[in-house]
Structures are given as structure tokens and as C-alpha cells.
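Student: This is the structure I have questions about; it appears just below.
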Amino acid sequence: MAAQQALENHLLQATQMIESQVDAEIERIEKMDDDDFEALRQKRMAAMKKAAEQKQEWMAAGHGEYSEVADEKEFFEVCKRSKRVVCHFYRDSTFRCKIVDKHLTEIARKHLETKFIKINAERSKFLVDRLRIKTLPTICLAKDGKTTDYIVGFDDLGGTDDFPTVMLEWRLGRSDMINYSGDLLEPPVNASKSKGSSKVFGKPKGSRNLRDDGDSDTDDDY
């Protein structure tokens, strides 16, 4: 009974605190004059203008679509221009690469804040060797010109070929590659039925500058 009473008192205090904060905000709004409202409006308009300008910059850099880069040189140029880059290393004969293409095409349209590209692994041996790409498909995640994480195969996505797009979207959010609005602590689907669901997803093991030589964290056979 004492514990229950203590809990009720705690909840009552929390409720009263919230009500007090709401009342204070209402009072603040009621005291605002026309100049205050105009200042608030101007601030909001400036924020909207900045957001629109940022969107235009992203669009000019090719954000909003999933495109292919021709070679390593173009890959490096993309990583210099865009803060966040998601690159799919693919091979035409690998069926699962087609699955990744489908999902990344959809995600790219939704997340203009990130540049989505793909590169043919068989035509970019230098880059594949440098990043030690050993399994296809591999999705390389880069921020500020540095690799920060890899999505190798489908283990992080439930271990099945028919994973939903939102699963890959969540995985990218876990690595801070997109502005994900859902719960990053829990996968968006019931992963308990999927292979590998108990592992910790989206935890980068380290980062490397794409312009420098170094070891990769990928250790699967290719």
C-alpha cells in the first residue's frame, strides 16, 4: 500500500508539473503583442526559406534519385559534394542486388538529405580492394568523406529476400544516414521471426577516410 501511495503521489506531482508548464505557455502566448507575433512569423519564414534553399542544393547535387556512378573518380567526387552518401556495390548477375536497387530507389525519393548511388563492383576493382568489399550486395555508408558503416548482405535486414523497404530505411537511420522518424531502438517489423534478429544493428565499428588506405571491417567471403 505504501509503495502504491508513493507511486500515486509521484504521478500526481508529474501531472501537476505538466499542467503548470502548459499554463505558463498559455500565459506567455496570451501576453504576446503584435510585434511578438510578427517576430515569430519572421523567424518561421526564415526557417522555411532556409529549408527550401537546402532542398534546392540537394536537388542540384542529384539528391532525390538513385543513380549509378561510372567509376571510382565519380564516386569520390560524390562523396566530396554530399555530406551523407549511401553507395550500393552491385553485380548484374547477383539477384539480391536487384532487390537492393528496388528498395534504395524508393528510399532515395523520400530522403533528399542523403545521396544514393550504386557502382558496378566488377568495374571498380581498385575501390573494391581498398574498401575490402567481399560480399555482394554490400551497401557502403559514408559521412563527410569517410566510411562509417557497411550493410553486408541481408543479415541486418532480417535475413530474408522479402524484407520490407522500411527495414532498410530503419537500418540506415540506425547509422544516422537518413532522418528516420520512427523508433531506432526497435526494428519496424517483427524481427523475432527472422534470421539474425538478435544481433545489434547499425553499430559502426569504425570510420576511414575514403582517400586513405586502411583496413575494412568487412570479413565475409566474396
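Just remember, in the C-alpha cells the first chain shown is A, the second B, etc., residues are 1-based per chain, and ligands are 1-based in the order shown.
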From a backbone DSSP assignment, name each residue in segment 49-211 of chain A labelled helix (DSSP H, G or I), as a ChimeraX atom specification.

Tutor: /A:49-60,72-81,95-110,121-123,125-131,155-157,165-174,191-193

Student: Identify, on the basis of only C-alpha atoms, every residue whose closest approach to Lys80 of chain A does not exceed 9 Å; exclude the query and any residue fewer than 3 positions from it along the same chain; express the result as a ChimeraX atom specification.

Tutor: /A:75-77,83,144-145

Student: Taking only residues of segment 114-161 of chain A that have an atom at most 8 Å from an atom of segment 84-107 of chain A, what is each one's shortest atom pair and its distance in Å to one decimal, using only C-alpha atoms, in chain and number order, as JSON lines?

Tutor:
{"residue": "A:Thr114", "atom": "CA", "partner": "A:Arg84", "partner_atom": "CA", "distance": 5.1}
{"residue": "A:Lys115", "atom": "CA", "partner": "A:Val85", "partner_atom": "CA", "distance": 4.8}
{"residue": "A:Phe116", "atom": "CA", "partner": "A:Val86", "partner_atom": "CA", "distance": 4.9}
{"residue": "A:Ile117", "atom": "CA", "partner": "A:Cys87", "partner_atom": "CA", "distance": 4.8}
{"residue": "A:Lys118", "atom": "CA", "partner": "A:His88", "partner_atom": "CA", "distance": 4.3}
{"residue": "A:Ile119", "atom": "CA", "partner": "A:Phe89", "partner_atom": "CA", "distance": 5.2}
{"residue": "A:Asn120", "atom": "CA", "partner": "A:Tyr90", "partner_atom": "CA", "distance": 5.2}
{"residue": "A:Ala121", "atom": "CA", "partner": "A:Phe89", "partner_atom": "CA", "distance": 5.4}
{"residue": "A:Glu122", "atom": "CA", "partner": "A:Arg91", "partner_atom": "CA", "distance": 6.7}
{"residue": "A:Leu136", "atom": "CA", "partner": "A:Tyr90", "partner_atom": "CA", "distance": 6.1}
{"residue": "A:Pro137", "atom": "CA", "partner": "A:Cys97", "partner_atom": "CA", "distance": 5.4}
{"residue": "A:Thr138", "atom": "CA", "partner": "A:Phe89", "partner_atom": "CA", "distance": 5.4}
{"residue": "A:Ile139", "atom": "CA", "partner": "A:His88", "partner_atom": "CA", "distance": 4.4}
{"residue": "A:Cys140", "atom": "CA", "partner": "A:Cys87", "partner_atom": "CA", "distance": 5.1}
{"residue": "A:Leu141", "atom": "CA", "partner": "A:Val86", "partner_atom": "CA", "distance": 4.9}
{"residue": "A:Ala142", "atom": "CA", "partner": "A:Val85", "partner_atom": "CA", "distance": 5.1}
{"residue": "A:Lys143", "atom": "CA", "partner": "A:Arg84", "partner_atom": "CA", "distance": 4.6}
{"residue": "A:Asp144", "atom": "CA", "partner": "A:Arg84", "partner_atom": "CA", "distance": 6.6}
{"residue": "A:Asp161", "atom": "CA", "partner": "A:Arg96", "partner_atom": "CA", "distance": 7.2}

Student: Using the selection just defined, write its residues with N, CA and C atoms as a CSV table (one decimal), in the first residue's frame.

Tutor:
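Full text of result.csv as output:
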chain,number,residue,atom,x,y,z
A,114,THR,N,20.1,12.8,-48.2
A,114,THR,CA,21.2,11.8,-48.5
A,114,THR,C,21.3,11.5,-50.0
A,115,LYS,N,22.5,11.3,-50.4
A,115,LYS,CA,22.8,11.0,-51.8
A,115,LYS,C,22.9,9.4,-51.9
A,116,PHE,N,22.1,8.9,-52.8
A,116,PHE,CA,22.0,7.4,-53.0
A,116,PHE,C,22.6,7.1,-54.4
A,117,ILE,N,23.6,6.2,-54.4
A,117,ILE,CA,24.2,5.8,-55.7
A,117,ILE,C,24.5,4.3,-55.6
A,118,LYS,N,24.9,3.8,-56.8
A,118,LYS,CA,25.4,2.5,-56.9
A,118,LYS,C,26.6,2.5,-57.9
A,119,ILE,N,27.5,1.4,-57.7
A,119,ILE,CA,28.6,1.3,-58.6
A,119,ILE,C,28.8,-0.2,-58.8
A,120,ASN,N,29.2,-0.4,-60.1
A,120,ASN,CA,29.5,-1.8,-60.5
A,120,ASN,C,30.8,-2.3,-59.9
A,121,ALA,N,30.7,-3.3,-59.1
A,121,ALA,CA,31.8,-3.8,-58.3
A,121,ALA,C,32.9,-4.4,-59.3
A,122,GLU,N,32.4,-5.0,-60.4
A,122,GLU,CA,33.3,-5.6,-61.3
A,122,GLU,C,34.1,-4.6,-62.1
A,136,LEU,N,28.6,-9.4,-52.1
A,136,LEU,CA,27.6,-8.6,-52.8
A,136,LEU,C,26.2,-9.2,-52.6
A,137,PRO,N,25.2,-8.3,-52.3
A,137,PRO,CA,25.4,-6.8,-52.3
A,137,PRO,C,26.0,-6.3,-51.0
A,138,THR,N,26.8,-5.3,-51.1
A,138,THR,CA,27.3,-4.5,-49.9
A,138,THR,C,26.9,-3.1,-50.1
A,139,ILE,N,26.3,-2.5,-49.1
A,139,ILE,CA,26.0,-1.1,-49.1
A,139,ILE,C,27.0,-0.3,-48.2
A,140,CYS,N,27.7,0.6,-48.8
A,140,CYS,CA,28.7,1.4,-48.1
A,140,CYS,C,28.1,2.7,-47.6
A,141,LEU,N,28.3,3.0,-46.4
A,141,LEU,CA,27.7,4.2,-45.8
A,141,LEU,C,28.8,5.2,-45.5
A,142,ALA,N,28.8,6.4,-46.0
A,142,ALA,CA,29.8,7.4,-45.9
A,142,ALA,C,29.3,8.7,-45.4
A,143,LYS,N,30.0,9.3,-44.5
A,143,LYS,CA,29.7,10.6,-44.0
A,143,LYS,C,30.9,11.5,-44.0
A,144,ASP,N,30.8,12.7,-44.5
A,144,ASP,CA,31.9,13.6,-44.6
A,144,ASP,C,33.2,13.0,-45.2
A,161,ASP,N,15.0,-12.5,-48.3
A,161,ASP,CA,15.0,-11.7,-49.5
A,161,ASP,C,13.8,-10.7,-49.6

Student: Tell me which of A:Ser124, A:Met45, A:Leu12, A:Val166 sits closest to Glu74 of chain A, counting only C-alpha atoms.

Tutor: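 Closest candidate: A:Ser124.
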
Student: Quick one: pull the distance between atom CA of Gln16 of chain A and atom CA of Lys31 of chain A, Å, one decimal.

Tutor: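 If I compute the distance from atom CA of Gln16 of chain A to atom CA of Lys31 of chain A, I get 22.4 Å.
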
Student: So, counting only C-alpha atoms, which residue among A:Lys49, A:Ala39, A:Tyr150, A:Glu169 is closest to Ser181 of chain A?

Tutor: A:Glu169

Student: Figure out the distance between atom CA of Leu112 of chain A and atom CA of Gly173 of chain A, please, to one decimal in Å.

Tutor: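 According to the coordinates, atom CA of Gly173 of chain A and atom CA of Leu112 of chain A are separated by 13.6 Å.
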
Student: Out of A:Ser82, A:Gly153, A:Glu72, A:Ser175, which residue has the shortest atom-to-atom distance to Val128 of chain A when counting only C-alpha atoms?

Tutor: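 The shortest atom-to-atom distance to Val128 of chain A comes from A:Glu72.
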
Student: Figure out the distance between atom CA of Lys110 of chain A and atom CA of Met48 of chain A, please, to one decimal in Å.

Tutor: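 Atom-to-atom, atom CA of Met48 of chain A and atom CA of Lys110 of chain A are spaced 18.5 Å apart.
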
Student: Counting only C-alpha atoms, which residue out of A:Met167, A:Ile26, A:Phe154, A:Leu172 sits closest to Pro187 of chain A?

Tutor: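 Closest residue, counting only C-alpha atoms: A:Met167.
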